[in-house]
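Peer 1: Sending over input36.pdb (PDB, C-alpha atoms).
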```pdb
ATOM      1  CA  MET H   4       1.452  -6.794 -19.273  1.00  0.00           C
ATOM      2  CA  PRO H   5       2.775  -5.423 -15.982  1.00  0.00           C
ATOM      3  CA  LYS H   6       4.549  -7.695 -13.520  1.00  0.00           C
ATOM      4  CA  PHE H   7       2.079  -8.773 -10.856  1.00  0.00           C
ATOM      5  CA  ALA H   8       2.558  -9.263  -7.130  1.00  0.00           C
ATOM      6  CA  ALA H   9       0.235 -10.585  -4.427  1.00  0.00           C
ATOM      7  CA  ASN H  10      -1.043  -8.857  -1.316  1.00  0.00           C
ATOM      8  CA  ILE H  11      -1.052 -11.878   0.982  1.00  0.00           C
ATOM      9  CA  SER H  12      -3.027 -10.099   3.675  1.00  0.00           C
ATOM     10  CA  LEU H  13      -6.016 -10.481   1.337  1.00  0.00           C
ATOM     11  CA  LEU H  14      -4.986 -13.152  -1.157  1.00  0.00           C
ATOM     12  CA  PHE H  15      -4.581 -16.719   0.109  1.00  0.00           C
ATOM     13  CA  ALA H  16      -6.335 -15.691   3.326  1.00  0.00           C
ATOM     14  CA  GLU H  17      -7.935 -19.153   3.387  1.00  0.00           C
ATOM     15  CA  LEU H  18      -4.522 -20.361   4.586  1.00  0.00           C
ATOM     16  CA  PRO H  19      -2.535 -19.705   7.751  1.00  0.00           C
ATOM     17  CA  TYR H  20      -0.272 -16.672   7.406  1.00  0.00           C
ATOM     18  CA  LEU H  21       3.032 -18.497   6.957  1.00  0.00           C
ATOM     19  CA  ASP H  22       1.534 -20.882   4.396  1.00  0.00           C
ATOM     20  CA  ARG H  23       0.516 -18.008   2.139  1.00  0.00           C
ATOM     21  CA  PHE H  24       4.068 -17.410   0.984  1.00  0.00           C
ATOM     22  CA  SER H  25       4.474 -20.826  -0.610  1.00  0.00           C
ATOM     23  CA  ALA H  26       0.963 -20.603  -2.070  1.00  0.00           C
ATOM     24  CA  ALA H  27       1.814 -17.274  -3.695  1.00  0.00           C
ATOM     25  CA  ALA H  28       5.031 -18.699  -5.117  1.00  0.00           C
ATOM     26  CA  ARG H  29       3.217 -21.753  -6.506  1.00  0.00           C
ATOM     27  CA  ALA H  30       0.723 -19.432  -8.194  1.00  0.00           C
ATOM     28  CA  GLY H  31       3.583 -17.760 -10.023  1.00  0.00           C
ATOM     29  CA  PHE H  32       4.097 -14.630  -7.921  1.00  0.00           C
ATOM     30  CA  GLU H  33       7.652 -13.473  -7.321  1.00  0.00           C
ATOM     31  CA  ALA H  34       6.825 -10.611  -4.958  1.00  0.00           C
ATOM     32  CA  VAL H  35       4.318  -9.953  -2.186  1.00  0.00           C
ATOM     33  CA  GLU H  36       3.107  -7.186   0.056  1.00  0.00           C
ATOM     34  CA  ILE H  37       1.832  -7.523   3.619  1.00  0.00           C
ATOM     35  CA  LEU H  38      -0.372  -4.874   5.199  1.00  0.00           C
ATOM     36  CA  PHE H  39       0.585  -5.448   8.825  1.00  0.00           C
ATOM     37  CA  PRO H  40       3.293  -8.073   9.446  1.00  0.00           C
ATOM     38  CA  TYR H  41       3.712  -7.168  13.101  1.00  0.00           C
ATOM     39  CA  GLU H  42       1.977 -10.038  14.885  1.00  0.00           C
ATOM     40  CA  LEU H  43       4.922 -12.384  14.355  1.00  0.00           C
ATOM     41  CA  ALA H  44       8.596 -11.777  14.880  1.00  0.00           C
ATOM     42  CA  ALA H  45      10.135 -10.273  11.759  1.00  0.00           C
ATOM     43  CA  LYS H  46      12.515 -13.235  11.463  1.00  0.00           C
ATOM     44  CA  GLU H  47       9.588 -15.617  10.877  1.00  0.00           C
ATOM     45  CA  THR H  48       8.310 -13.574   7.955  1.00  0.00           C
ATOM     46  CA  GLN H  49      11.861 -13.212   6.676  1.00  0.00           C
ATOM     47  CA  ARG H  50      12.339 -16.984   6.654  1.00  0.00           C
ATOM     48  CA  ALA H  51       9.100 -17.479   4.730  1.00  0.00           C
ATOM     49  CA  LEU H  52      10.147 -14.898   2.148  1.00  0.00           C
ATOM     50  CA  LEU H  53      13.596 -16.425   1.698  1.00  0.00           C
ATOM     51  CA  ALA H  54      12.321 -20.007   1.569  1.00  0.00           C
ATOM     52  CA  ASN H  55      10.020 -19.135  -1.315  1.00  0.00           C
ATOM     53  CA  GLY H  56      12.253 -16.712  -3.187  1.00  0.00           C
ATOM     54  CA  LEU H  57       9.860 -13.808  -2.713  1.00  0.00           C
ATOM     55  CA  GLU H  58      10.570 -10.092  -2.696  1.00  0.00           C
ATOM     56  CA  LEU H  59       8.714  -7.982  -0.114  1.00  0.00           C
ATOM     57  CA  LEU H  60       7.318  -4.879  -1.743  1.00  0.00           C
ATOM     58  CA  LEU H  61       5.378  -3.041   0.918  1.00  0.00           C
ATOM     59  CA  ILE H  62       4.184  -2.901   4.509  1.00  0.00           C
ATOM     60  CA  ASN H  63       1.885  -0.397   6.209  1.00  0.00           C
ATOM     61  CA  ALA H  64       2.741   2.019   8.991  1.00  0.00           C
ATOM     62  CA  PRO H  65       2.020   2.474  11.802  1.00  0.00           C
ATOM     63  CA  PRO H  66       1.589  -0.950  13.381  1.00  0.00           C
ATOM     64  CA  PRO H  67      -2.075  -1.587  14.244  1.00  0.00           C
ATOM     65  CA  ASN H  68      -3.408  -0.492  17.587  1.00  0.00           C
ATOM     66  CA  TYR H  69      -5.050  -3.582  19.022  1.00  0.00           C
ATOM     67  CA  THR H  70      -6.928  -1.582  21.657  1.00  0.00           C
ATOM     68  CA  GLY H  71      -9.206  -0.014  19.066  1.00  0.00           C
ATOM     69  CA  GLY H  72      -7.238   3.090  18.222  1.00  0.00           C
ATOM     70  CA  MET H  73      -6.932   4.651  14.799  1.00  0.00           C
ATOM     71  CA  PRO H  74      -4.993   2.723  12.141  1.00  0.00           C
ATOM     72  CA  GLY H  75      -3.022   5.837  11.174  1.00  0.00           C
ATOM     73  CA  TYR H  76      -2.374   9.318  12.520  1.00  0.00           C
ATOM     74  CA  ALA H  77       0.312  10.982  10.396  1.00  0.00           C
ATOM     75  CA  ALA H  78      -2.089  13.906   9.828  1.00  0.00           C
ATOM     76  CA  LEU H  79      -3.343  14.009  13.403  1.00  0.00           C
ATOM     77  CA  PRO H  80      -2.360  17.295  15.094  1.00  0.00           C
ATOM     78  CA  MET H  81      -0.456  16.827  18.346  1.00  0.00           C
ATOM     79  CA  GLY H  82       0.406  13.253  17.346  1.00  0.00           C
ATOM     80  CA  SER H  83       3.941  13.760  16.046  1.00  0.00           C
ATOM     81  CA  ASP H  84       5.734  12.250  19.039  1.00  0.00           C
ATOM     82  CA  ARG H  85       3.715   9.065  18.730  1.00  0.00           C
ATOM     83  CA  PHE H  86       4.203   9.073  14.957  1.00  0.00           C
ATOM     84  CA  GLN H  87       7.975   9.263  15.284  1.00  0.00           C
ATOM     85  CA  ARG H  88       8.031   6.542  17.926  1.00  0.00           C
ATOM     86  CA  ASP H  89       6.005   4.157  15.761  1.00  0.00           C
ATOM     87  CA  ILE H  90       7.953   4.917  12.597  1.00  0.00           C
ATOM     88  CA  ARG H  91      11.118   3.950  14.456  1.00  0.00           C
ATOM     89  CA  ARG H  92       9.399   0.692  15.440  1.00  0.00           C
ATOM     90  CA  VAL H  93       8.378   0.011  11.828  1.00  0.00           C
ATOM     91  CA  LEU H  94      11.897   0.706  10.634  1.00  0.00           C
ATOM     92  CA  ARG H  95      13.220  -1.937  13.026  1.00  0.00           C
ATOM     93  CA  TYR H  96      10.981  -4.429  11.188  1.00  0.00           C
ATOM     94  CA  ALA H  97      12.191  -3.015   7.903  1.00  0.00           C
ATOM     95  CA  GLU H  98      15.813  -3.655   8.854  1.00  0.00           C
ATOM     96  CA  VAL H  99      14.979  -7.369   8.865  1.00  0.00           C
ATOM     97  CA  LEU H 100      12.312  -7.593   6.140  1.00  0.00           C
ATOM     98  CA  ARG H 101      13.749  -5.041   3.690  1.00  0.00           C
ATOM     99  CA  PRO H 102      10.443  -3.889   2.171  1.00  0.00           C
ATOM    100  CA  ALA H 103      10.854  -1.806  -0.949  1.00  0.00           C
ATOM    101  CA  MET H 104       8.240   0.614   0.389  1.00  0.00           C
ATOM    102  CA  ILE H 105       6.483   1.606   3.587  1.00  0.00           C
ATOM    103  CA  HIS H 106       2.985   3.033   3.212  1.00  0.00           C
ATOM    104  CA  ILE H 107       2.386   5.766   5.800  1.00  0.00           C
ATOM    105  CA  MET H 108      -1.298   6.012   6.684  1.00  0.00           C
ATOM    106  CA  ALA H 109      -2.549   9.569   7.131  1.00  0.00           C
ATOM    107  CA  GLY H 110      -5.374   8.850   9.560  1.00  0.00           C
ATOM    108  CA  TYR H 111      -8.601  10.666  10.321  1.00  0.00           C
ATOM    109  CA  ALA H 112      -8.381  14.440  10.476  1.00  0.00           C
ATOM    110  CA  LYS H 113      -9.319  17.380   8.287  1.00  0.00           C
ATOM    111  CA  GLY H 114      -8.211  20.926   7.633  1.00  0.00           C
ATOM    112  CA  ASP H 115      -5.052  22.939   7.070  1.00  0.00           C
ATOM    113  CA  VAL H 116      -3.494  22.040  10.414  1.00  0.00           C
ATOM    114  CA  ALA H 117      -3.870  18.344   9.604  1.00  0.00           C
ATOM    115  CA  LYS H 118      -2.314  18.913   6.182  1.00  0.00           C
ATOM    116  CA  ASP H 119       0.644  20.767   7.677  1.00  0.00           C
ATOM    117  CA  THR H 120       1.058  18.013  10.264  1.00  0.00           C
ATOM    118  CA  LEU H 121       1.103  15.320   7.591  1.00  0.00           C
ATOM    119  CA  ILE H 122       3.658  17.234   5.542  1.00  0.00           C
ATOM    120  CA  ARG H 123       5.975  17.732   8.513  1.00  0.00           C
ATOM    121  CA  ASN H 124       5.686  14.094   9.606  1.00  0.00           C
ATOM    122  CA  LEU H 125       6.427  12.815   6.112  1.00  0.00           C
ATOM    123  CA  GLN H 126       9.441  15.092   5.861  1.00  0.00           C
ATOM    124  CA  TRP H 127      10.692  13.820   9.215  1.00  0.00           C
ATOM    125  CA  ALA H 128      10.300  10.174   8.158  1.00  0.00           C
ATOM    126  CA  ALA H 129      11.989  10.787   4.808  1.00  0.00           C
ATOM    127  CA  ASP H 130      14.933  12.536   6.441  1.00  0.00           C
ATOM    128  CA  TYR H 131      15.202  10.039   9.301  1.00  0.00           C
ATOM    129  CA  ALA H 132      15.410   7.086   6.876  1.00  0.00           C
ATOM    130  CA  PRO H 133      16.725   8.510   3.578  1.00  0.00           C
ATOM    131  CA  GLY H 134      17.373   5.038   2.176  1.00  0.00           C
ATOM    132  CA  GLN H 135      13.771   3.905   2.638  1.00  0.00           C
ATOM    133  CA  GLN H 136      11.022   4.610   0.103  1.00  0.00           C
ATOM    134  CA  PHE H 137       7.741   5.770   1.635  1.00  0.00           C
ATOM    135  CA  THR H 138       4.324   6.109  -0.002  1.00  0.00           C
ATOM    136  CA  ILE H 139       1.007   7.823   0.665  1.00  0.00           C
ATOM    137  CA  GLU H 140      -2.300   6.533  -0.705  1.00  0.00           C
ATOM    138  CA  PRO H 141      -5.679   8.243  -1.157  1.00  0.00           C
ATOM    139  CA  LEU H 142      -8.496   6.128   0.309  1.00  0.00           C
ATOM    140  CA  ASN H 143     -12.146   6.538  -0.650  1.00  0.00           C
ATOM    141  CA  SER H 144     -14.434   8.161   1.903  1.00  0.00           C
ATOM    142  CA  GLY H 145     -17.077   5.440   1.581  1.00  0.00           C
ATOM    143  CA  ASP H 146     -14.756   2.841   3.066  1.00  0.00           C
ATOM    144  CA  GLN H 147     -12.795   5.267   5.231  1.00  0.00           C
ATOM    145  CA  PRO H 148     -15.053   8.175   6.261  1.00  0.00           C
ATOM    146  CA  GLY H 149     -13.084  11.074   7.630  1.00  0.00           C
ATOM    147  CA  TYR H 150      -9.735   9.852   6.281  1.00  0.00           C
ATOM    148  CA  PHE H 151      -7.563  12.859   5.558  1.00  0.00           C
ATOM    149  CA  LEU H 152      -6.082  11.750   2.251  1.00  0.00           C
ATOM    150  CA  ASP H 153      -9.237  11.181   0.199  1.00  0.00           C
ATOM    151  CA  ASP H 154      -8.342  12.721  -3.174  1.00  0.00           C
ATOM    152  CA  TYR H 155      -5.499  12.340  -5.673  1.00  0.00           C
ATOM    153  CA  ASN H 156      -5.212  16.093  -6.175  1.00  0.00           C
ATOM    154  CA  LEU H 157      -4.706  16.485  -2.441  1.00  0.00           C
ATOM    155  CA  ALA H 158      -2.079  13.741  -2.494  1.00  0.00           C
ATOM    156  CA  VAL H 159      -0.124  15.639  -5.157  1.00  0.00           C
ATOM    157  CA  GLU H 160      -0.344  18.851  -3.124  1.00  0.00           C
ATOM    158  CA  VAL H 161       1.096  17.006  -0.140  1.00  0.00           C
ATOM    159  CA  LEU H 162       3.864  15.372  -2.177  1.00  0.00           C
ATOM    160  CA  GLU H 163       4.875  18.693  -3.704  1.00  0.00           C
ATOM    161  CA  ALA H 164       5.040  20.294  -0.267  1.00  0.00           C
ATOM    162  CA  VAL H 165       6.977  17.356   1.214  1.00  0.00           C
ATOM    163  CA  ASP H 166       9.476  17.551  -1.659  1.00  0.00           C
ATOM    164  CA  ARG H 167      11.442  14.415  -0.823  1.00  0.00           C
ATOM    165  CA  LYS H 168      12.572  11.908  -3.441  1.00  0.00           C
ATOM    166  CA  ASN H 169      11.840   8.967  -1.139  1.00  0.00           C
ATOM    167  CA  VAL H 170       8.146   9.842  -0.654  1.00  0.00           C
ATOM    168  CA  GLY H 171       5.859   8.917  -3.547  1.00  0.00           C
ATOM    169  CA  LEU H 172       2.313   8.136  -4.571  1.00  0.00           C
ATOM    170  CA  GLN H 173       0.645   4.761  -4.061  1.00  0.00           C
ATOM    171  CA  TYR H 174      -1.987   4.299  -6.781  1.00  0.00           C
ATOM    172  CA  ASP H 175      -4.845   1.876  -6.139  1.00  0.00           C
ATOM    173  CA  ALA H 176      -7.313   1.265  -8.972  1.00  0.00           C
ATOM    174  CA  TYR H 177     -10.085   0.387  -6.528  1.00  0.00           C
ATOM    175  CA  HIS H 178      -9.812   3.627  -4.574  1.00  0.00           C
ATOM    176  CA  ALA H 179      -9.131   5.689  -7.716  1.00  0.00           C
ATOM    177  CA  GLN H 180     -12.361   4.436  -9.281  1.00  0.00           C
ATOM    178  CA  LEU H 181     -14.453   5.168  -6.211  1.00  0.00           C
ATOM    179  CA  ILE H 182     -12.902   8.576  -5.529  1.00  0.00           C
ATOM    180  CA  HIS H 183     -12.816  10.027  -9.046  1.00  0.00           C
ATOM    181  CA  GLY H 184     -15.054   7.746 -11.126  1.00  0.00           C
ATOM    182  CA  ASP H 185     -12.508   6.561 -13.685  1.00  0.00           C
ATOM    183  CA  ALA H 186      -9.431   4.611 -12.582  1.00  0.00           C
ATOM    184  CA  VAL H 187      -7.824   4.816 -16.034  1.00  0.00           C
ATOM    185  CA  LYS H 188      -8.096   8.598 -16.208  1.00  0.00           C
ATOM    186  CA  VAL H 189      -6.677   8.844 -12.698  1.00  0.00           C
ATOM    187  CA  TRP H 190      -3.684   6.817 -13.828  1.00  0.00           C
ATOM    188  CA  GLU H 191      -3.243   9.005 -16.913  1.00  0.00           C
ATOM    189  CA  ALA H 192      -3.326  12.121 -14.719  1.00  0.00           C
ATOM    190  CA  PHE H 193      -1.237  10.950 -11.772  1.00  0.00           C
ATOM    191  CA  GLY H 194       0.589   7.767 -12.802  1.00  0.00           C
ATOM    192  CA  ASP H 195       3.846   9.615 -13.439  1.00  0.00           C
ATOM    193  CA  ARG H 196       4.072  10.096  -9.671  1.00  0.00           C
ATOM    194  CA  ALA H 197       3.352   6.471  -8.773  1.00  0.00           C
ATOM    195  CA  ALA H 198       5.955   4.642  -6.733  1.00  0.00           C
ATOM    196  CA  HIS H 199       3.679   1.631  -6.297  1.00  0.00           C
ATOM    197  CA  VAL H 200       0.480   0.291  -7.893  1.00  0.00           C
ATOM    198  CA  GLN H 201      -2.328  -1.838  -6.449  1.00  0.00           C
ATOM    199  CA  ILE H 202      -5.433  -3.186  -8.157  1.00  0.00           C
ATOM    200  CA  GLY H 203      -8.864  -4.457  -7.224  1.00  0.00           C
ATOM    201  CA  ALA H 204     -12.247  -4.240  -8.912  1.00  0.00           C
ATOM    202  CA  ALA H 205     -14.742  -1.604  -7.807  1.00  0.00           C
ATOM    203  CA  PRO H 206     -17.142  -1.435  -6.114  1.00  0.00           C
ATOM    204  CA  GLY H 207     -16.745  -4.904  -4.586  1.00  0.00           C
ATOM    205  CA  ARG H 208     -12.940  -5.038  -4.230  1.00  0.00           C
ATOM    206  CA  CYS H 209     -12.782  -8.504  -5.739  1.00  0.00           C
ATOM    207  CA  GLU H 210     -10.611  -9.750  -8.595  1.00  0.00           C
ATOM    208  CA  PRO H 211     -10.447  -7.813 -11.891  1.00  0.00           C
ATOM    209  CA  GLY H 212     -13.239  -8.742 -14.276  1.00  0.00           C
ATOM    210  CA  THR H 213     -16.277  -7.278 -12.554  1.00  0.00           C
ATOM    211  CA  GLY H 214     -17.426  -3.679 -12.269  1.00  0.00           C
ATOM    212  CA  PRO H 215     -16.720  -0.663 -14.463  1.00  0.00           C
ATOM    213  CA  VAL H 216     -12.900  -0.627 -14.472  1.00  0.00           C
ATOM    214  CA  ASP H 217     -11.486  -1.702 -17.841  1.00  0.00           C
ATOM    215  CA  PHE H 218      -8.382  -3.499 -16.587  1.00  0.00           C
ATOM    216  CA  GLU H 219      -7.125  -4.343 -20.060  1.00  0.00           C
ATOM    217  CA  GLN H 220      -7.114  -0.638 -20.819  1.00  0.00           C
ATOM    218  CA  LEU H 221      -5.560   0.154 -17.431  1.00  0.00           C
ATOM    219  CA  PHE H 222      -2.759  -2.375 -17.890  1.00  0.00           C
ATOM    220  CA  SER H 223      -2.055  -0.960 -21.337  1.00  0.00           C
ATOM    221  CA  ALA H 224      -1.943   2.560 -19.893  1.00  0.00           C
ATOM    222  CA  ILE H 225       0.464   1.409 -17.173  1.00  0.00           C
ATOM    223  CA  ASP H 226       2.715  -0.232 -19.766  1.00  0.00           C
ATOM    224  CA  GLU H 227       2.628   2.775 -22.059  1.00  0.00           C
ATOM    225  CA  SER H 228       3.471   5.147 -19.204  1.00  0.00           C
ATOM    226  CA  GLY H 229       6.848   3.534 -18.681  1.00  0.00           C
ATOM    227  CA  TYR H 230       6.098   2.455 -15.108  1.00  0.00           C
ATOM    228  CA  GLU H 231       8.550  -0.335 -14.292  1.00  0.00           C
ATOM    229  CA  GLY H 232       7.405  -1.304 -10.793  1.00  0.00           C
ATOM    230  CA  TRP H 233       5.115  -4.047  -9.577  1.00  0.00           C
ATOM    231  CA  VAL H 234       1.325  -4.110  -9.814  1.00  0.00           C
ATOM    232  CA  SER H 235       0.031  -5.723  -6.653  1.00  0.00           C
ATOM    233  CA  ALA H 236      -3.244  -7.630  -6.520  1.00  0.00           C
ATOM    234  CA  GLU H 237      -4.950  -6.264  -3.411  1.00  0.00           C
ATOM    235  CA  TYR H 238      -8.444  -7.680  -3.435  1.00  0.00           C
ATOM    236  CA  THR H 239     -10.700 -10.149  -1.647  1.00  0.00           C
ATOM    237  CA  PRO H 240     -11.214 -13.151  -3.959  1.00  0.00           C
ATOM    238  CA  SER H 241     -14.807 -14.006  -4.806  1.00  0.00           C
ATOM    239  CA  THR H 242     -13.749 -17.670  -4.882  1.00  0.00           C
ATOM    240  CA  LYS H 243     -13.052 -19.982  -1.957  1.00  0.00           C
ATOM    241  CA  ARG H 244      -9.551 -20.680  -3.246  1.00  0.00           C
ATOM    242  CA  THR H 245      -7.470 -17.684  -4.231  1.00  0.00           C
ATOM    243  CA  GLU H 246      -5.908 -19.485  -7.197  1.00  0.00           C
ATOM    244  CA  ASP H 247      -9.371 -19.808  -8.741  1.00  0.00           C
ATOM    245  CA  SER H 248      -9.588 -16.024  -8.877  1.00  0.00           C
ATOM    246  CA  LEU H 249      -6.402 -15.488 -10.906  1.00  0.00           C
ATOM    247  CA  ALA H 250      -7.689 -15.932 -14.477  1.00  0.00           C
ATOM    248  CA  TRP H 251      -7.358 -12.158 -15.026  1.00  0.00           C
ATOM    249  CA  MET H 252      -3.561 -12.534 -15.007  1.00  0.00           C
ATOM    250  CA  GLY H 253      -3.838 -14.214 -18.409  1.00  0.00           C
TER     251      GLY H 253
END
```
If you convert what's in this file into structure tokens, what do you get?
Peer 2:
Amino acid sequence: MPKFAANISLLFAELPYLDRFSAAARAGFEAVEILFPYELAAKETQRALLANGLELLLINAPPPNYTGGMPGYAALPMGSDRFQRDIRRVLRYAEVLRPAMIHIMAGYAKGDVAKDTLIRNLQWAADYAPGQQFTIEPLNSGDQPGYFLDDYNLAVEVLEAVDRKNVGLQYDAYHAQLIHGDAVKVWEAFGDRAAHVQIGAAPGRCEPGTGPVDFEQLFSAIDESGYEGWVSAEYTPSTKRTEDSLAWMG
């Protein structure tokens, strides 16, 4: 079985943010990811990680726009100055939190100009912070209509054009299932490029065990592929208490 981590933006959400770290540790997790850790000072999150012996795997970039703006704009033409400014801000958090990866959100745009913009922005980020691993993730168009990166084939085209060792693919079983119809086949086709893995059942994005994804088969495929990273549970539990949704971990 892969080694599992917890996305504490979704798991343990019945608890206050800082209490989720100890809850994850008690449930047996040794690593976590946090979508947007920017509301609190980085030192507070750092203390919670250290107190519970947890590794931080991933955060999202850019920080959220609380005035209703887009959650990402790496592919947005004419947005490169803002992109660079916010990546610098994220990297200041990363200096304290030391996330293994930073997921760069592409945002809502379409066409060749958007693709070229995304490629250039990813190259800039990779070269600006060569010691930091970055990821890109295809998101399904049902949940994120108009999102640029909505297909795994497109993600590979972008990665090949970016051509930087510290920019990789973020595979999510939930999105893979909804985009291409078979999460296992998506892993078999693209898993060799995966820098990070997330899981959630489709179509409801709850814990594994419902819906068409055969997670036993997926976990076997991940093991057989030689992937040595973490598999992060990124789902909304169907139970009131997150720990009651963890039977799938076996």
Peer 1: Could you pull the residues within 10 Å of Leu53 (chain H), counting only C-alpha atoms, minus those fewer than 5 positions along the same chain, as a list in words?
Peer 2: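 So the residues in contact are Phe24, Thr48, Glu58, Leu59 and Leu100 of chain H.
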Peer 1: Could you list, as a list in words, every residue within 10 Å of Glu17 (chain H), counting all atoms listed in the file and ignoring same-chain residues fewer than 5 positions away?
Peer 2: Asp22, Arg23, Lys243, Arg244 and Thr245 of chain H
Peer 1: Quick one: apply the PyMOL selection byres ((chain H and resi 122-138) around 8) to the file and drop the selected residues here as a count of residues only.
Peer 2: 30
Peer 1: Would you kindly return, as a PyMOL selection string, each protein, DNA or RNA residue with an atom no farther than 12 Å from any atom of Ala44 (chain H), considering all atoms listed in the file and excluding same-chain residues fewer than 2 positions away?
Peer 2: chain H and resi 21+39-42+46-51+95-97+99-100
Peer 1: Using the chain letters and numbers from this file, what does the PyMOL selection byres ((chain H and resi 185) around 12) select? Give the answer as a ChimeraX atom specification.
Peer 2: /H:175-184,186-192,204-206,214-218,220-221
Peer 1: Within 7 Å of Leu152 (chain H), counting only C-alpha atoms, which residues show up once you throw out same-chain ones fewer than 6 positions away? Write them as a PyMOL selection string, please.
Peer 2: chain H and resi 109+141-142+158
Peer 1: Hey, which of H:Cys209, H:Ala64, H:Ile202, H:Ser248 ends up closest to Leu38 (chain H)? Count all atoms listed in the file.
Peer 2: H:Ala64
Peer 1: Go through H:Gln147, H:Ser223, H:Ser235, H:Gln201 and flag the residue nearest Glu33 (chain H), using all atoms listed in the file for the distances.
Peer 2: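 Answer, going by the shortest atom-to-atom distance: H:Ser235.
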Peer 1: Translate the PyMOL selection byres ((chain H and resi 8-16) around 6), as applied to the file shown, into an explicit residue set as a list in words.
Peer 2: Phe7, Glu17, Leu18, Arg23, Phe32, Ala34, Val35, Glu36, Ile37, Val234, Ser235, Ala236, Glu237, Thr239 and Thr245 of chain H
Peer 1: Between H:Tyr111, H:Tyr76, H:Tyr20, H:Tyr230, which one has atoms that come closest to Asp153 (chain H), using only C-alpha atoms?
Peer 2: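 Closest to Asp153 (chain H) of all the choices is H:Tyr111.
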Peer 1: Could you put an axis-aligned box around every listed atom of region 231-234 of chain H, padded by 5 Å on each side, and send me its centre and edge lengths in Å to one decimal, as JSON?
Peer 2:
```
{"center_x": 4.9, "center_y": -2.2, "center_z": -11.9, "size_x": 17.2, "size_y": 13.8, "size_z": 14.7}
```
